[in-house]
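Each remark here refers to the structure printed beneath this line.
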Amino acid sequence: MKKQFELSKVEQIIGYKFKNSKLLLKALTHSSYSNEHRVESNERLEFLGDAVIEFIITERLYLEFGKKEGDLSKIRATVVSEKPLAEAIDRLGLDKYLLRGVGESKNTNTSKAVKCDMFEAIAGAIYLDGGMEKTKEFFNMAVGGILDNIKVHGYTEDPKTKLQEMLKQAKIVYQTSKSGADHAPIYKTNVFINDVKMGSGTGTNKRASEEVAASAAINKLEQI
């Protein structure tokens, strides 16, 4: 691995340049690579990042959502769960930069748990290197659209999954375009069901726009 070149690529993707690049390298080090090369893995950073992410979400929920504690806890559990954090790694294309051992490298399908740990480790590394505000910027870029969507459209348990369950045999296709400046992108998604456009939505990231489009399609189907 050409470490410096790869690290600069990761920095471009996550929108943060490290003062101490060793922290980023550690965040990208899976335990299998750590065991083979006798270096520290990302497990401690993952532990820290998990707590930092929970704080970031909790603070946003408290400041931006006028809901009861029980409702806030449900929303927080949805956002900090394995699925959205793993999907953020996929969406950003970060999985290929994870350092793995020989055996782990043969596994072409990285588990959601490993991707989730990677996301949390990156958050932990940014926190140590640049502080809370820079970590918030990374989180809001990568996952914050979920909260934006909930704030505008209300809390639902994953509209894409709900739409798929409503139409088990249908062909559902999401088409997304990106516009705006690099630091403030706007994503627009159209959802087609059996080649018929049934909903559209916008968001600050691809996932958020897809969920808004899925919600629009669900609303339209429920009115038929």
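FYI, nothing fancy with the structure tokens labels: chains A, B, ... in order, residues from 1 per chain, ligands from 1 as they appear.
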
Quick one: which range 5-86 of chain A residues come within 12 Å of range 134-137 of chain A, and what is the nearest atom pair for each with the distance in Å to one decimal, counting only C-alpha atoms, rows ordered by chain and ascending number, as a tab-separated table?
residue	atom	partner	partner_atom	distance
A:Ile14	CA	A:Glu137	CA	9.3
A:Gly15	CA	A:Glu137	CA	8.4
A:Tyr16	CA	A:Lys134	CA	7.6
A:Lys17	CA	A:Lys134	CA	10.1
A:Phe18	CA	A:Lys134	CA	10.6
A:Leu48	CA	A:Thr135	CA	11.9
A:Gly49	CA	A:Thr135	CA	9.3
A:Asp50	CA	A:Thr135	CA	11.8
A:Ala51	CA	A:Thr135	CA	11.9
A:Val52	CA	A:Thr135	CA	8.3
A:Ile53	CA	A:Lys136	CA	8.3
A:Glu54	CA	A:Lys136	CA	11.0
A:Phe55	CA	A:Lys136	CA	9.9
A:Ile56	CA	A:Lys136	CA	6.6
A:Ile57	CA	A:Lys136	CA	9.1
A:Thr58	CA	A:Lys136	CA	11.8
A:Glu59	CA	A:Lys136	CA	10.5
A:Arg60	CA	A:Lys136	CA	10.0

I want to know what sits within 7 Å of Leu45 in chain A, based on only C-alpha atoms, with residues of the same chain fewer than 3 positions away left out; could you give that as a VMD selection string? chain A and resid 27 42 48 to 49 121 124 to 125

Got a sec: who's within 12 Å of His37 in chain A, counting only C-alpha atoms, leaving out chain neighbours fewer than 3 positions off, as a list of chain:residue names?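 Everything that qualifies: A:Thr29, A:His30, A:Ser31, A:Ser32, A:Tyr33, A:Ser34, A:Glu40, A:Ser41, A:Leu99, A:Arg100, A:Gly101, A:Val102.
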
Put those residues in a file: all heavy atoms, as a short mmCIF file (atom, residue, chain, number, x, y, z; two decimals), in the first residue's frame.
data_model
loop_
_atom_site.label_atom_id
_atom_site.label_comp_id
_atom_site.auth_asym_id
_atom_site.auth_seq_id
_atom_site.Cartn_x
_atom_site.Cartn_y
_atom_site.Cartn_z
N THR A 29 -6.89 0.47 10.15
CA THR A 29 -6.18 -0.79 10.40
C THR A 29 -7.09 -1.81 11.09
O THR A 29 -7.43 -1.68 12.26
CB THR A 29 -4.93 -0.55 11.28
OG1 THR A 29 -4.08 0.39 10.63
CG2 THR A 29 -4.18 -1.85 11.51
N HIS A 30 -7.47 -2.83 10.36
CA HIS A 30 -8.30 -3.92 10.89
C HIS A 30 -7.44 -4.80 11.81
O HIS A 30 -6.22 -4.88 11.67
CB HIS A 30 -8.86 -4.74 9.73
CG HIS A 30 -9.84 -5.78 10.14
ND1 HIS A 30 -9.51 -7.10 10.33
CD2 HIS A 30 -11.17 -5.69 10.40
CE1 HIS A 30 -10.58 -7.78 10.68
NE2 HIS A 30 -11.61 -6.95 10.73
N SER A 31 -8.10 -5.45 12.74
CA SER A 31 -7.37 -6.28 13.71
C SER A 31 -6.58 -7.40 13.04
O SER A 31 -5.53 -7.81 13.54
CB SER A 31 -8.35 -6.87 14.74
OG SER A 31 -9.35 -7.63 14.10
N SER A 32 -7.06 -7.90 11.91
CA SER A 32 -6.33 -8.97 11.21
C SER A 32 -4.98 -8.47 10.70
O SER A 32 -3.98 -9.19 10.75
CB SER A 32 -7.17 -9.51 10.04
OG SER A 32 -7.44 -8.48 9.09
N TYR A 33 -4.93 -7.24 10.21
CA TYR A 33 -3.67 -6.64 9.76
C TYR A 33 -2.80 -6.33 10.97
O TYR A 33 -1.58 -6.54 10.94
CB TYR A 33 -3.97 -5.35 8.99
CG TYR A 33 -2.76 -4.70 8.38
CD1 TYR A 33 -2.40 -4.96 7.06
CD2 TYR A 33 -1.99 -3.79 9.10
CE1 TYR A 33 -1.28 -4.35 6.49
CE2 TYR A 33 -0.87 -3.18 8.55
CZ TYR A 33 -0.53 -3.47 7.24
OH TYR A 33 0.59 -2.87 6.68
N SER A 34 -3.42 -5.87 12.03
CA SER A 34 -2.70 -5.57 13.26
C SER A 34 -1.98 -6.79 13.80
O SER A 34 -0.81 -6.72 14.21
CB SER A 34 -3.69 -5.04 14.32
OG SER A 34 -3.11 -5.00 15.59
N GLU A 40 -0.95 -1.35 16.13
CA GLU A 40 -2.23 -1.20 16.83
C GLU A 40 -3.38 -1.14 15.83
O GLU A 40 -3.27 -0.50 14.78
CB GLU A 40 -2.23 0.08 17.68
CG GLU A 40 -3.48 0.20 18.55
CD GLU A 40 -3.44 1.41 19.48
OE1 GLU A 40 -2.38 2.06 19.56
OE2 GLU A 40 -4.47 1.69 20.10
N SER A 41 -4.47 -1.82 16.15
CA SER A 41 -5.65 -1.82 15.29
C SER A 41 -6.53 -0.59 15.57
O SER A 41 -6.21 0.23 16.43
CB SER A 41 -6.46 -3.09 15.52
OG SER A 41 -7.17 -3.02 16.75
N LEU A 99 -7.09 -1.55 5.85
CA LEU A 99 -5.93 -2.45 5.87
C LEU A 99 -6.33 -3.75 6.54
O LEU A 99 -6.74 -3.75 7.70
CB LEU A 99 -4.78 -1.81 6.63
CG LEU A 99 -4.05 -0.65 5.96
CD1 LEU A 99 -3.12 0.03 6.95
CD2 LEU A 99 -3.27 -1.13 4.75
N ARG A 100 -6.22 -4.87 5.82
CA ARG A 100 -6.62 -6.17 6.34
C ARG A 100 -5.47 -7.15 6.24
O ARG A 100 -4.58 -7.00 5.42
CB ARG A 100 -7.82 -6.73 5.56
CG ARG A 100 -8.90 -5.73 5.23
CD ARG A 100 -9.79 -6.33 4.14
NE ARG A 100 -10.44 -5.30 3.35
CZ ARG A 100 -11.73 -5.05 3.36
NH1 ARG A 100 -12.52 -5.77 4.11
NH2 ARG A 100 -12.24 -4.10 2.61
N GLY A 101 -5.58 -8.20 7.06
CA GLY A 101 -4.60 -9.27 6.98
C GLY A 101 -4.84 -10.11 5.74
O GLY A 101 -5.85 -9.95 5.04
N VAL A 102 -3.93 -11.04 5.48
CA VAL A 102 -4.01 -11.86 4.27
C VAL A 102 -5.32 -12.64 4.20
O VAL A 102 -6.00 -12.64 3.18
CB VAL A 102 -2.81 -12.84 4.21
CG1 VAL A 102 -2.96 -13.78 3.02
CG2 VAL A 102 -1.50 -12.07 4.12
#

Excluding range 189-205 of chain A and its own-chain neighbours fewer than 5 positions away, which residues fall within 7 Å of it when counting only C-alpha atoms? Please give them as a list in words.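 The contact residues come out as Gly145, Ala170, Lys171, Ile172, Val173, Tyr174, Gln175, Thr176, Ser177, Glu210, Val212, Ala213, Ala214, Ala216 and Ala217 of chain A.
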
So that I can check the surroundings of Ser21 in chain A, please list as a list in words every protein, DNA and RNA residue that reaches within 12 Å of it, counting only C-alpha atoms and ignoring chain neighbours fewer than 2 positions away.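 Within the cut-off, the hits are Lys3, Gln4, Phe5, Glu6, Leu7, Ser8, Val10, Glu11, Tyr16, Lys17, Phe18, Lys19, Leu23, Leu24, Leu25, Lys26, Ala27, Leu28, Ile122, Ala125, Ile126, Leu128, Asp129 and Gly130 of chain A.
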
Using DSSP on the backbone coordinates, identify the residues of range 9-91 of chain A assigned to helix (DSSP H, G or I); present them as number ranges by chain. A: 9-14, 21-27, 31-37, 43-64, 69-79, 82-91

Got a sec to tell me which of chain A DSSP assigns to strand (DSSP E or B), as a PyMOL selection string? chain A and resi 29+99+172-179+186-193+196-203

If you count only C-alpha atoms, which residues fall within 8 Å of Glu211 in chain A, apart from same-chain ones fewer than 6 positions away, as a list in words?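 Listing them by chain and then by number gives Asn149, Asp158, Pro159, Lys160 and Gly201 of chain A.
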
Can you pull out the residues contacting Lys83 in chain A? Cut-off 8 Å, using only C-alpha atoms, and skip same-chain residues under 3 positions away; I want them as number ranges by chain. A: 86-87, 112, 116

Which residue, A:Arg91, A:Leu163, A:Tyr97, A:Gly103, has the smallest gap to Asn35 in chain A when you use only C-alpha atoms? A:Gly103

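In this structure, CA of Pro185 in chain A sits 15.6 Å away from CA of Ala88 in chain A.
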
Just give me the gap between CA of Lys67 in chain A and CA of Ser81 in chain A in Å, one decimal is fine. 20.0 Å

Rounded to one decimal, what separation in Å do you get between CA of Ala142 in chain A and CA of Thr161 in chain A?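 Atom-to-atom, CA of Ala142 in chain A to CA of Thr161 in chain A, that is 20.1 Å.
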